[in-house]
Protein chains: 2
Amino acid sequence: MSGPTLSDVADAAGVSYATADRVINKRGNVAQKSIDKVRDAVTRLGYVRNVAAANLSRRRVYRLAFLIPTGSNAFFNRVRDHIVQSANHLSADSISVEIVDVSAFSVEALQNSIGDLADLDFDGVAIVGLQSRLLEHPLAELRARGVAIIGLVSDLPTNFRSAYIGIDNRVAGRTAARMTGIAHAGRVGAIQTFAGSMDARDHAERLQGFRDVITADFPALTVLDPILTKDDPAVLYEAACGALQAGSSVTAVYNVGAGNVGLIKAISKTSGTRPFCVVHELVAHSKQALIDNHINLVIDQRPDVEVNRAFALLRALIDDRAMPPMPDLMPTIYVRDNLPADTLNTVMKAQTT
Amino acid sequence: MSGPTLSDVADAAGVSYATADRVINKRGNVAQKSIDKVRDAVTRLGYVRNVAAANLSRRRVYRLAFLIPTGSNAFFNRVRDHIVQSANHLSADSISVEIVDVSAFSVEALQNSIGDLADLDFDGVAIVGLQSRLLEHPLAELRARGVAIIGLVSDLPTNFRSAYIGIDNRVAGRTAARMTGIAHAGRVGAIQTFAGSMDARDHAERLQGFRDVITADFPALTVLDPILTKDDPAVLYEAACGALQAGSSVTAVYNVGAGNVGLIKAISKTSGTRPFCVVHELVAHSKQALIDNHINLVIDQRPDVEVNRAFALLRALIDDRAMPPMPDLMPTIYVRDNLPADTLNTVMKAQTT
DNA sequence: CTGAAAGCGCTTACAG
DNA sequence: CTGAAAGCGCTTACAG
């Protein structure tokens with residue numbers, strides 16, 4: 001702070017302020033000789049651009065967009081809530097944010113939404129992505145316009161975004177497995193798994209991680225093949241009732257996907273002991289189920305932290321500054337005792353801020 | 001953003017820019033009549049001060065201090081690392097931070113350090129506190145000078161700080177208990193506990209939370225009275241060897257305090273099965289012990305998140321702005337599968353930035 | 001290719 | 001008690 005200013009640089013380089021500015025900001029139309037002199041002065045003085053002053057003079061507002069899947073998925077509603085809340089607070093820092101709804105799980109819809117972004121003049125976008133080559137073209141287009149792009153929660157094609165913010169789903173699955181193993185305390189058992197669809201990359205990865213750990217470290221346990229539910233609570237309900245039948249040999253249940261309302265409903269109707277139960281994402285109903293002792297564990301990815309980080313990263317990217325420190329995002333384990341009080345599930349107050 | 005400016009307000013109020021400024025910033029020497037007119041204009045126009053512009057014109061640098069206990073405590077070294085890392089990044093935002101070393105657990109030392117702060121002209125300080133009335137006077141002094149004060153990790157007397165950033169240690173203990181209970185899968189067991197000192201509030205609280213949950217939900221388990229270790233690895237080592245003896249009825253071990261190096265050493269020398277083992281704070285050695293299967297769980301308070309939040313909070317407090325969103329800080333559970341790759345335990349690169 | 005000057009929204013002496 | 005003016009570190013036309 002209070003280091004050299006651009007006019008110090010200009011003086012040291014023996015050029016005018018305007019010329020120094022031209023090379024600093026790569027505006028072109030500068031003689032190579034001048035460029036060299038300025039570059040030299042910059043490194044000699046250790047000049048660093050004052051972003052705040054620059055923004056003031058330009059009356060700059062950062063325009064950010066978040067592309068989030070629509071639908072009744074409680075997890076993404078939580079993500080939305082966090083975005084809105086942060087946006088409210090960041091409006092004081094000249095940051096405006098818009099949430100763009102995208103039809104869930106549709107490559108085509110996502111492709112179109114990204115395409116539409118190109119004309120909207122955003123400075124940065126965070127996208128809940130999918131792995132599809134179809135996205136590469138619109139992403140390249142966006143990037144060509146100088147828009148900063150990051151993947152959020154679910155990644156985009158790797159070479160077409162600057163960073164990914166989200167957990168490793170294999171790690172999430174491994175974590176679930178470790179806890180399930182521990183809960184058996186060496187006893188024999190069978191774990192019924194559920195998944196939305198094995199085409200969903202995150203579901204497949206979680207299941208894989210889960211299997212890996214059980215196989216390696218808990219040989220007394222068997223992982224039963226997943227029942228596919230399309231994340232539909234009704235389907236999950238029916239399937240879960242089967243697994244929970246009296247006399248079933250199932251000692252644990254693990255759902256890698258959504259639709260837990262159905263699972264919880266099935267459990268709450270069961271009398272007697274129930275299997276050990278692990279699900280993903282802390283939302284209103286999974287939190288309540290933990291409190292009610294209907295399930296044992298929730299593996300969560302902390303969307304609040306992810307959203308926060310998305311904002312910090314986007315700003316750094318846009319200003320072309322050094323990245324803020326960002327330790328790995330690891331899945332968090334919730335039991336009924338370490339639940340945050342404020343899992344918000346409020347109706348969205350404002351779409352845009 | 002790009003709302004009304006102070007000169008809009010001045011115009012609307014029919015006073016000069018300077019006068020409007022005087023009432024906005026409470027500089028005094030303004031006629032009540034002018035004050036009213038300006039206040040009125042402010043609310044009518046919805047004026048909000050542009051902090052960035054103000055800071056630019058004052059060449060303002062935020063001066064922050066962190067009071068952190070010294071000693072070889074790995075956890076606080078981790079806290080330091082995070083502070084230094086963030087400070088490095090924040091220097092670009094005109095934030096300077098200083099870490100002040102305070103002799104650990106000494107009310108007197110802390111009292112003196114806080115007293116010394118008064119003349120140093122900081123804008124805000126984060127303090128790893130203690131509960132003692134002796135701190136009230138120096139804190140009041142500091143506050144009188146307009147310094148923003150927050151408690152970090154361990155709270156200060158409640159009425160003498162603006163906020164506390166840290167976990168609830170009862171919750172941490174409850175969480176440890178829940179997992180320990182689960183790991184017994186209904187079997188009978190006895191849990192040997194260890195604590196540094198029952199005078200340490202956080203230790204007492206963790207133990208209490210632990211006991212509460214075991215008593216309420218795991219009647220087959222007995223919580224053995226804590227062995228006091230002063231957080232000394234050597235003491236812990238000796239004590240742990242006893243609990244780990246062949247033929248011991250101890251089925252689990254829980255250390256609410258520090259000094260885990262000793263505990264881990266004792267375990268690593270044990271042959272055959274060992275008890276289920278839970279400790280606090282993820283640092284280099286506890287992480288390694290998790291990987292080596294010497295312990296099962298680490299309950300962690302995420303110092304990186306705490307430090308981050310301390311910076312955000314201090315800034316908001318200093319600028320007298322709305323608080324950023326800050327969900328509850330809950331203890332995190334680590335197993336060997338969800339370990340972050342980058343638990344830094346680097347030597348500090350710089351004390352000050 | 002280069003430079004002088006006004007302006008961004010504020011604060012800070014300084015003069016009345 | 002009040003106001004006019006310079007300056008913070010930059011960007012943006014505008015003139016050469």
# chains A, B, ... in the order shown; residues from 1 in each chain; ligands from 1
>>> interface_residues(of="chain C", to="chain B", cutoff="9 Å", atoms="only C-alpha atoms (C1' of nucleotides)", output="ChimeraX atom specification")
/C:8-12
>>> interface_residues(of="chain B", to="chain A", cutoff="6 Å", atoms="only C-alpha atoms", output="PDB file with all heavy atoms, in the first residue's frame")
ATOM      1  N   MET B   1     -25.352   0.731  -6.403  1.00  0.00           N
ATOM      2  CA  MET B   1     -24.173   1.376  -6.981  1.00  0.00           C
ATOM      3  C   MET B   1     -24.574   2.481  -7.943  1.00  0.00           C
ATOM      4  O   MET B   1     -25.675   2.470  -8.459  1.00  0.00           O
ATOM      5  CB  MET B   1     -23.299   0.376  -7.736  1.00  0.00           C
ATOM      6  CG  MET B   1     -24.084  -0.555  -8.607  1.00  0.00           C
ATOM      7  SD  MET B   1     -23.902  -2.242  -8.092  1.00  0.00           S
ATOM      8  CE  MET B   1     -25.482  -2.534  -7.283  1.00  0.00           C
ATOM      9  N   SER B  94      -5.024  -2.617   0.673  1.00  0.00           N
ATOM     10  CA  SER B  94      -4.686  -1.614   1.680  1.00  0.00           C
ATOM     11  C   SER B  94      -5.031  -2.061   3.092  1.00  0.00           C
ATOM     12  O   SER B  94      -5.596  -1.311   3.870  1.00  0.00           O
ATOM     13  CB  SER B  94      -5.395  -0.292   1.381  1.00  0.00           C
ATOM     14  OG  SER B  94      -4.820   0.305   0.252  1.00  0.00           O
ATOM     15  N   ARG B 174     -20.128 -32.718  21.943  1.00  0.00           N
ATOM     16  CA  ARG B 174     -21.303 -33.524  21.593  1.00  0.00           C
ATOM     17  C   ARG B 174     -21.058 -34.294  20.297  1.00  0.00           C
ATOM     18  O   ARG B 174     -21.436 -35.462  20.155  1.00  0.00           O
ATOM     19  CB  ARG B 174     -22.536 -32.635  21.411  1.00  0.00           C
ATOM     20  CG  ARG B 174     -23.020 -31.951  22.688  1.00  0.00           C
ATOM     21  CD  ARG B 174     -24.264 -31.097  22.408  1.00  0.00           C
ATOM     22  NE  ARG B 174     -25.389 -31.928  21.999  1.00  0.00           N
ATOM     23  CZ  ARG B 174     -26.254 -32.469  22.857  1.00  0.00           C
ATOM     24  NH1 ARG B 174     -26.137 -32.230  24.148  1.00  0.00           N
ATOM     25  NH2 ARG B 174     -27.223 -33.230  22.418  1.00  0.00           N
ATOM     26  N   THR B 175     -20.444 -33.619  19.355  1.00  0.00           N
ATOM     27  CA  THR B 175     -20.171 -34.242  18.064  1.00  0.00           C
ATOM     28  C   THR B 175     -19.229 -35.433  18.237  1.00  0.00           C
ATOM     29  O   THR B 175     -19.452 -36.513  17.668  1.00  0.00           O
ATOM     30  CB  THR B 175     -19.552 -33.201  17.107  1.00  0.00           C
ATOM     31  OG1 THR B 175     -20.439 -32.091  17.009  1.00  0.00           O
ATOM     32  CG2 THR B 175     -19.314 -33.793  15.740  1.00  0.00           C
ATOM     33  N   ILE B 182     -21.757 -44.014  17.943  1.00  0.00           N
ATOM     34  CA  ILE B 182     -22.054 -44.746  16.706  1.00  0.00           C
ATOM     35  C   ILE B 182     -21.050 -45.882  16.496  1.00  0.00           C
ATOM     36  O   ILE B 182     -21.405 -46.990  16.096  1.00  0.00           O
ATOM     37  CB  ILE B 182     -22.037 -43.780  15.497  1.00  0.00           C
ATOM     38  CG1 ILE B 182     -23.302 -42.901  15.493  1.00  0.00           C
ATOM     39  CG2 ILE B 182     -21.912 -44.546  14.186  1.00  0.00           C
ATOM     40  CD1 ILE B 182     -23.319 -41.836  14.411  1.00  0.00           C
ATOM     41  N   ALA B 183     -19.797 -45.580  16.792  1.00  0.00           N
ATOM     42  CA  ALA B 183     -18.740 -46.564  16.540  1.00  0.00           C
ATOM     43  C   ALA B 183     -18.838 -47.792  17.441  1.00  0.00           C
ATOM     44  O   ALA B 183     -18.200 -48.807  17.184  1.00  0.00           O
ATOM     45  CB  ALA B 183     -17.368 -45.908  16.711  1.00  0.00           C
ATOM     46  N   ALA B 185     -21.750 -49.244  18.028  1.00  0.00           N
ATOM     47  CA  ALA B 185     -22.827 -50.057  17.459  1.00  0.00           C
ATOM     48  C   ALA B 185     -23.623 -50.817  18.518  1.00  0.00           C
ATOM     49  O   ALA B 185     -23.931 -51.991  18.350  1.00  0.00           O
ATOM     50  CB  ALA B 185     -22.246 -51.027  16.414  1.00  0.00           C
ATOM     51  N   ASP B 328     -23.435 -19.930  11.203  1.00  0.00           N
ATOM     52  CA  ASP B 328     -22.751 -20.514  12.354  1.00  0.00           C
ATOM     53  C   ASP B 328     -21.497 -21.272  11.960  1.00  0.00           C
ATOM     54  O   ASP B 328     -21.458 -21.955  10.949  1.00  0.00           O
ATOM     55  CB  ASP B 328     -23.681 -21.537  13.033  1.00  0.00           C
ATOM     56  CG  ASP B 328     -24.773 -20.848  13.791  1.00  0.00           C
ATOM     57  OD1 ASP B 328     -24.641 -19.646  14.057  1.00  0.00           O
ATOM     58  OD2 ASP B 328     -25.771 -21.523  14.099  1.00  0.00           O
ATOM     59  N   MET B 330     -19.531 -24.364  12.692  1.00  0.00           N
ATOM     60  CA  MET B 330     -19.719 -25.631  13.388  1.00  0.00           C
ATOM     61  C   MET B 330     -18.474 -26.490  13.283  1.00  0.00           C
ATOM     62  O   MET B 330     -17.775 -26.442  12.285  1.00  0.00           O
ATOM     63  CB  MET B 330     -20.913 -26.372  12.778  1.00  0.00           C
ATOM     64  CG  MET B 330     -22.200 -25.575  12.764  1.00  0.00           C
ATOM     65  SD  MET B 330     -22.668 -24.882  14.371  1.00  0.00           S
ATOM     66  CE  MET B 330     -23.205 -26.361  15.239  1.00  0.00           C
ATOM     67  N   ILE B 333     -15.918 -32.676  11.035  1.00  0.00           N
ATOM     68  CA  ILE B 333     -15.386 -34.008  11.334  1.00  0.00           C
ATOM     69  C   ILE B 333     -14.484 -34.464  10.190  1.00  0.00           C
ATOM     70  O   ILE B 333     -14.910 -34.506   9.041  1.00  0.00           O
ATOM     71  CB  ILE B 333     -16.531 -35.035  11.481  1.00  0.00           C
ATOM     72  CG1 ILE B 333     -17.519 -34.581  12.557  1.00  0.00           C
ATOM     73  CG2 ILE B 333     -15.963 -36.418  11.783  1.00  0.00           C
ATOM     74  CD1 ILE B 333     -18.822 -35.371  12.564  1.00  0.00           C
ATOM     75  N   ASP B 337     -10.547 -39.989   4.906  1.00  0.00           N
ATOM     76  CA  ASP B 337     -10.939 -39.866   3.506  1.00  0.00           C
ATOM     77  C   ASP B 337     -11.278 -38.451   3.056  1.00  0.00           C
ATOM     78  O   ASP B 337     -11.336 -38.162   1.873  1.00  0.00           O
ATOM     79  CB  ASP B 337     -12.149 -40.768   3.252  1.00  0.00           C
ATOM     80  CG  ASP B 337     -11.828 -42.195   3.650  1.00  0.00           C
ATOM     81  OD1 ASP B 337     -11.181 -42.881   2.865  1.00  0.00           O
ATOM     82  OD2 ASP B 337     -12.191 -42.589   4.781  1.00  0.00           O
ATOM     83  N   ASN B 338     -11.561 -37.564   3.988  1.00  0.00           N
ATOM     84  CA  ASN B 338     -11.913 -36.209   3.564  1.00  0.00           C
ATOM     85  C   ASN B 338     -10.893 -35.175   4.051  1.00  0.00           C
ATOM     86  O   ASN B 338     -11.241 -34.063   4.422  1.00  0.00           O
ATOM     87  CB  ASN B 338     -13.343 -35.835   4.002  1.00  0.00           C
ATOM     88  CG  ASN B 338     -13.502 -35.766   5.515  1.00  0.00           C
ATOM     89  OD1 ASN B 338     -12.708 -36.336   6.235  1.00  0.00           O
ATOM     90  ND2 ASN B 338     -14.534 -35.083   5.976  1.00  0.00           N
ATOM     91  N   PRO B 340      -8.119 -32.416   3.698  1.00  0.00           N
ATOM     92  CA  PRO B 340      -7.635 -31.455   2.718  1.00  0.00           C
ATOM     93  C   PRO B 340      -6.167 -31.733   2.425  1.00  0.00           C
ATOM     94  O   PRO B 340      -5.424 -32.167   3.313  1.00  0.00           O
ATOM     95  CB  PRO B 340      -7.810 -30.110   3.421  1.00  0.00           C
ATOM     96  CG  PRO B 340      -7.846 -30.419   4.871  1.00  0.00           C
ATOM     97  CD  PRO B 340      -8.413 -31.799   4.994  1.00  0.00           C
TER      98      PRO B 340
END
>>> atom_distance(atom1="CA of Pro219 in chain B", atom2="CA of Thr273 in chain B")
23.6 Å
>>> residues_around(residues="Pro4 in chain B", least_positions_apart="3", cutoff="7 Å", atoms="only C-alpha atoms (C1' of nucleotides)", output="list in words")
Asp8, Leu45 and Tyr47 of chain B
>>> write_last_selection(atoms="all heavy atoms", output="mmCIF file, in the first residue's frame")
data_model
loop_
_atom_site.group_PDB
_atom_site.id
_atom_site.type_symbol
_atom_site.label_atom_id
_atom_site.label_comp_id
_atom_site.auth_asym_id
_atom_site.auth_seq_id
_atom_site.Cartn_x
_atom_site.Cartn_y
_atom_site.Cartn_z
ATOM 1 N N ASP B 8 -25.001 15.386 -4.687
ATOM 2 C CA ASP B 8 -26.455 15.337 -4.894
ATOM 3 C C ASP B 8 -27.159 15.678 -3.592
ATOM 4 O O ASP B 8 -28.135 16.441 -3.558
ATOM 5 C CB ASP B 8 -26.891 13.935 -5.342
ATOM 6 C CG ASP B 8 -26.344 13.580 -6.719
ATOM 7 O OD1 ASP B 8 -26.146 14.508 -7.528
ATOM 8 O OD2 ASP B 8 -26.101 12.386 -6.970
ATOM 9 N N LEU B 45 -32.976 10.622 -0.719
ATOM 10 C CA LEU B 45 -32.255 10.137 -1.898
ATOM 11 C C LEU B 45 -31.710 8.722 -1.713
ATOM 12 O O LEU B 45 -31.305 8.068 -2.670
ATOM 13 C CB LEU B 45 -31.084 11.068 -2.216
ATOM 14 C CG LEU B 45 -31.414 12.538 -2.478
ATOM 15 C CD1 LEU B 45 -30.164 13.273 -2.931
ATOM 16 C CD2 LEU B 45 -32.496 12.653 -3.534
ATOM 17 N N TYR B 47 -28.984 8.002 0.017
ATOM 18 C CA TYR B 47 -27.536 8.127 -0.171
ATOM 19 C C TYR B 47 -26.786 7.073 0.621
ATOM 20 O O TYR B 47 -27.129 6.761 1.750
ATOM 21 C CB TYR B 47 -27.073 9.510 0.293
ATOM 22 C CG TYR B 47 -25.576 9.643 0.393
ATOM 23 C CD1 TYR B 47 -24.800 9.760 -0.760
ATOM 24 C CD2 TYR B 47 -24.929 9.629 1.622
ATOM 25 C CE1 TYR B 47 -23.430 9.872 -0.683
ATOM 26 C CE2 TYR B 47 -23.558 9.744 1.711
ATOM 27 C CZ TYR B 47 -22.805 9.853 0.557
ATOM 28 O OH TYR B 47 -21.446 9.962 0.638
#
>>> atom_distance(atom1="CA of Thr222 in chain B", atom2="CA of Ala190 in chain B")
4.6 Å
>>> residues_around(residues="range 192-199 of chain A", least_positions_apart="6", cutoff="9 Å", atoms="only C-alpha atoms (C1' of nucleotides)", output="PyMOL selection string")
chain A and resi 207+222-232+236+239-240+243+250-259
>>> select_by_dssp(residues="range 111-300 of chain B", states="strand (DSSP E)", output="PyMOL selection string")
chain B and resi 124-127+148-152+163-165+189-195+221-228+252-255+276-280+297-300
>>> write_last_selection(atoms="N, CA and C atoms", output="compact mmCIF listing (two decimals), in the first residue's frame")
# COMPACT_ATOMS: atom_id res chain seq x y z
N GLY B 124 -8.48 -2.17 14.04
CA GLY B 124 -9.24 -3.30 14.55
C GLY B 124 -8.32 -4.39 15.06
N VAL B 125 -8.77 -5.13 16.06
CA VAL B 125 -7.96 -6.22 16.58
C VAL B 125 -8.82 -7.46 16.81
N ALA B 126 -8.23 -8.61 16.53
CA ALA B 126 -8.86 -9.89 16.83
C ALA B 126 -8.03 -10.55 17.90
N ILE B 127 -8.68 -10.99 18.96
CA ILE B 127 -7.95 -11.48 20.12
C ILE B 127 -8.38 -12.88 20.51
N ALA B 148 -12.01 -1.46 16.68
CA ALA B 148 -12.95 -2.57 16.61
C ALA B 148 -12.32 -3.80 17.23
N ILE B 149 -13.08 -4.50 18.08
CA ILE B 149 -12.52 -5.63 18.82
C ILE B 149 -13.38 -6.88 18.65
N ILE B 150 -12.75 -7.98 18.29
CA ILE B 150 -13.49 -9.24 18.24
C ILE B 150 -12.71 -10.34 18.96
N GLY B 151 -13.45 -11.31 19.48
CA GLY B 151 -12.84 -12.48 20.09
C GLY B 151 -12.66 -13.54 19.02
N LEU B 152 -11.55 -14.26 19.09
CA LEU B 152 -11.26 -15.27 18.07
C LEU B 152 -10.88 -16.59 18.74
N ALA B 163 -17.91 -8.95 18.65
CA ALA B 163 -18.37 -10.24 18.14
C ALA B 163 -17.38 -11.32 18.54
N TYR B 164 -17.83 -12.55 18.44
CA TYR B 164 -16.97 -13.68 18.71
C TYR B 164 -16.98 -14.60 17.50
N ILE B 165 -15.80 -15.01 17.08
CA ILE B 165 -15.69 -15.94 15.97
C ILE B 165 -15.03 -17.20 16.48
N GLY B 189 -19.18 -50.38 26.47
CA GLY B 189 -17.82 -49.85 26.35
C GLY B 189 -17.49 -48.84 27.42
N ALA B 190 -16.20 -48.51 27.50
CA ALA B 190 -15.74 -47.50 28.44
C ALA B 190 -14.81 -46.54 27.71
N ILE B 191 -15.06 -45.26 27.91
CA ILE B 191 -14.29 -44.26 27.18
C ILE B 191 -13.36 -43.52 28.12
N GLN B 192 -12.07 -43.64 27.85
CA GLN B 192 -11.11 -42.89 28.65
C GLN B 192 -10.97 -41.48 28.07
N THR B 193 -11.19 -40.48 28.89
CA THR B 193 -11.04 -39.10 28.41
C THR B 193 -9.76 -38.48 28.95
N PHE B 194 -9.27 -37.52 28.23
CA PHE B 194 -8.08 -36.76 28.62
C PHE B 194 -8.38 -35.28 28.43
N ALA B 195 -7.82 -34.46 29.31
CA ALA B 195 -7.98 -33.01 29.17
C ALA B 195 -6.72 -32.33 29.66
N LEU B 221 -22.52 -47.14 27.33
CA LEU B 221 -21.15 -46.63 27.43
C LEU B 221 -20.91 -45.88 28.74
N THR B 222 -19.69 -46.01 29.25
CA THR B 222 -19.29 -45.30 30.46
C THR B 222 -18.21 -44.29 30.09
N VAL B 223 -18.36 -43.07 30.59
CA VAL B 223 -17.31 -42.07 30.37
C VAL B 223 -16.42 -42.04 31.60
N LEU B 224 -15.18 -42.42 31.45
CA LEU B 224 -14.25 -42.39 32.58
C LEU B 224 -13.77 -40.96 32.81
N ASP B 225 -13.53 -40.64 34.09
CA ASP B 225 -13.08 -39.28 34.40
C ASP B 225 -11.79 -38.95 33.66
N PRO B 226 -11.67 -37.69 33.30
CA PRO B 226 -10.51 -37.30 32.48
C PRO B 226 -9.19 -37.41 33.24
N ILE B 227 -8.19 -37.83 32.53
CA ILE B 227 -6.83 -37.77 33.05
C ILE B 227 -6.30 -36.40 32.63
N LEU B 228 -5.76 -35.65 33.58
CA LEU B 228 -5.30 -34.29 33.27
C LEU B 228 -3.85 -34.29 32.80
N ALA B 252 -12.65 -46.88 23.93
CA ALA B 252 -12.47 -45.64 23.17
C ALA B 252 -11.70 -44.64 23.99
N VAL B 253 -11.08 -43.72 23.27
CA VAL B 253 -10.25 -42.71 23.90
C VAL B 253 -10.62 -41.36 23.29
N TYR B 254 -10.78 -40.35 24.15
CA TYR B 254 -11.14 -39.02 23.65
C TYR B 254 -10.31 -37.97 24.36
N ASN B 255 -9.52 -37.24 23.62
CA ASN B 255 -8.73 -36.15 24.21
C ASN B 255 -9.34 -34.81 23.82
N PHE B 276 -11.19 -47.07 19.83
CA PHE B 276 -11.64 -46.03 18.91
C PHE B 276 -11.12 -44.71 19.44
N CYS B 277 -10.59 -43.88 18.55
CA CYS B 277 -9.83 -42.75 19.04
C CYS B 277 -10.21 -41.42 18.38
N VAL B 278 -10.57 -40.45 19.21
CA VAL B 278 -11.02 -39.15 18.72
C VAL B 278 -10.20 -38.03 19.36
N VAL B 279 -9.73 -37.10 18.55
CA VAL B 279 -9.00 -35.94 19.08
C VAL B 279 -9.51 -34.67 18.40
N HIS B 280 -8.97 -33.53 18.84
CA HIS B 280 -9.37 -32.24 18.27
C HIS B 280 -8.26 -31.61 17.46
N LEU B 297 -10.84 -40.23 14.19
CA LEU B 297 -11.58 -39.01 13.88
C LEU B 297 -10.84 -37.80 14.43
N VAL B 298 -10.92 -36.73 13.69
CA VAL B 298 -10.44 -35.45 14.21
C VAL B 298 -11.59 -34.45 14.12
N ILE B 299 -11.90 -33.82 15.23
CA ILE B 299 -12.89 -32.75 15.24
C ILE B 299 -12.13 -31.44 15.07
N ASP B 300 -12.50 -30.68 14.08
CA ASP B 300 -11.70 -29.49 13.75
C ASP B 300 -12.57 -28.25 13.69
>>> atom_distance(atom1="CA of Gln301 in chain A", atom2="CA of Ala65 in chain A")
21.2 Å
>>> residues_around(residues="Ser132 in chain A", least_positions_apart="2", cutoff="12 Å", atoms="only C-alpha atoms (C1' of nucleotides)", output="short mmCIF file (atom, residue, chain, number, x, y, z; two decimals) with N, CA, C and O atoms, in the first residue's frame")
data_model
loop_
_atom_site.label_atom_id
_atom_site.label_comp_id
_atom_site.auth_asym_id
_atom_site.auth_seq_id
_atom_site.Cartn_x
_atom_site.Cartn_y
_atom_site.Cartn_z
N PHE A 105 -30.10 -30.64 -15.78
CA PHE A 105 -29.59 -31.84 -16.46
C PHE A 105 -29.74 -31.81 -17.98
O PHE A 105 -29.61 -32.84 -18.61
N SER A 106 -30.04 -30.66 -18.56
CA SER A 106 -30.18 -30.64 -20.01
C SER A 106 -28.99 -29.95 -20.65
O SER A 106 -28.78 -28.76 -20.49
N VAL A 107 -28.21 -30.73 -21.36
CA VAL A 107 -27.04 -30.16 -22.03
C VAL A 107 -27.48 -29.07 -22.99
O VAL A 107 -26.86 -28.00 -23.07
N GLU A 108 -28.56 -29.34 -23.69
CA GLU A 108 -29.01 -28.38 -24.69
C GLU A 108 -29.41 -27.05 -24.05
O GLU A 108 -29.04 -25.98 -24.52
N LEU A 110 -28.41 -25.86 -21.25
CA LEU A 110 -27.22 -25.20 -20.72
C LEU A 110 -26.44 -24.55 -21.85
O LEU A 110 -25.97 -23.41 -21.75
N GLN A 111 -26.35 -25.28 -22.93
CA GLN A 111 -25.67 -24.78 -24.12
C GLN A 111 -26.28 -23.45 -24.57
O GLN A 111 -25.58 -22.47 -24.84
N GLY A 129 -22.03 -26.80 -14.12
CA GLY A 129 -21.76 -27.34 -15.45
C GLY A 129 -22.16 -28.77 -15.67
O GLY A 129 -22.72 -29.46 -14.82
N LEU A 130 -21.88 -29.20 -16.87
CA LEU A 130 -22.03 -30.59 -17.25
C LEU A 130 -20.81 -30.93 -18.10
O LEU A 130 -20.14 -30.04 -18.61
N LEU A 134 -20.48 -30.34 -26.30
CA LEU A 134 -21.39 -29.35 -26.88
C LEU A 134 -21.25 -27.99 -26.21
O LEU A 134 -21.61 -26.96 -26.77
N LEU A 135 -20.73 -27.99 -25.01
CA LEU A 135 -20.61 -26.72 -24.29
C LEU A 135 -19.35 -25.96 -24.71
O LEU A 135 -19.21 -24.77 -24.43
N GLU A 136 -18.45 -26.65 -25.35
CA GLU A 136 -17.15 -26.04 -25.62
C GLU A 136 -17.26 -24.80 -26.51
O GLU A 136 -16.61 -23.79 -26.25
N HIS A 137 -18.08 -24.89 -27.51
CA HIS A 137 -18.18 -23.76 -28.43
C HIS A 137 -18.71 -22.49 -27.76
O HIS A 137 -18.04 -21.45 -27.78
N PRO A 138 -19.87 -22.57 -27.13
CA PRO A 138 -20.36 -21.34 -26.46
C PRO A 138 -19.42 -20.84 -25.37
O PRO A 138 -19.30 -19.63 -25.16
N LEU A 139 -18.74 -21.75 -24.70
CA LEU A 139 -17.80 -21.32 -23.66
C LEU A 139 -16.61 -20.57 -24.28
O LEU A 139 -16.18 -19.53 -23.77
N SER A 154 -20.65 -28.53 -10.13
CA SER A 154 -20.45 -29.58 -11.13
C SER A 154 -19.63 -28.95 -12.24
O SER A 154 -19.96 -27.87 -12.74
N ASP A 155 -18.58 -29.61 -12.64
CA ASP A 155 -17.59 -28.95 -13.49
C ASP A 155 -18.00 -28.83 -14.95
O ASP A 155 -18.87 -29.55 -15.44
N LEU A 156 -17.31 -27.92 -15.64
CA LEU A 156 -17.44 -27.73 -17.07
C LEU A 156 -16.28 -28.44 -17.75
O LEU A 156 -15.34 -28.87 -17.08
N PRO A 157 -16.31 -28.55 -19.07
CA PRO A 157 -15.13 -29.10 -19.75
C PRO A 157 -13.88 -28.34 -19.29
O PRO A 157 -13.82 -27.11 -19.37
N THR A 158 -12.91 -29.07 -18.83
CA THR A 158 -11.77 -28.51 -18.11
C THR A 158 -11.05 -27.37 -18.80
O THR A 158 -10.65 -26.39 -18.16
N ASN A 159 -10.87 -27.47 -20.09
CA ASN A 159 -10.08 -26.45 -20.77
C ASN A 159 -10.86 -25.20 -21.12
O ASN A 159 -10.34 -24.28 -21.73
N PHE A 160 -12.11 -25.18 -20.73
CA PHE A 160 -12.94 -24.05 -21.12
C PHE A 160 -13.44 -23.24 -19.93
O PHE A 160 -14.41 -22.51 -20.03
N ARG A 201 -22.66 -38.03 -13.42
CA ARG A 201 -21.27 -38.24 -13.05
C ARG A 201 -21.05 -38.22 -11.55
O ARG A 201 -20.34 -39.06 -10.99
#
>>> residues_around(residues="Ala10 in chain A", least_positions_apart="6", cutoff="12 Å", atoms="only C-alpha atoms (C1' of nucleotides)", output="list in words")
Pro4, Ser16, Tyr17, Ala18, Thr19, Ala20, Asp21, Arg22, Val23, Ile24, Ser34, Ile35, Lys37, Val38, Arg39, Asp40, Ala41, Val42, Leu45 and Tyr47 of chain A; DG3 of chain C
>>> select_by_dssp(residues="range 11-207 of chain B", states="helix (DSSP H, G or I)", output="PyMOL selection string")
chain B and resi 11-13+17-24+32-45+51-58+74-93+107-120+133-144+158-160+169-184+201-207
>>> closest_residue(among="A:Pro303, A:Arg315, A:Leu67, A:Asn169", to="Ala200 in chain A", atoms="only C-alpha atoms")
A:Asn169
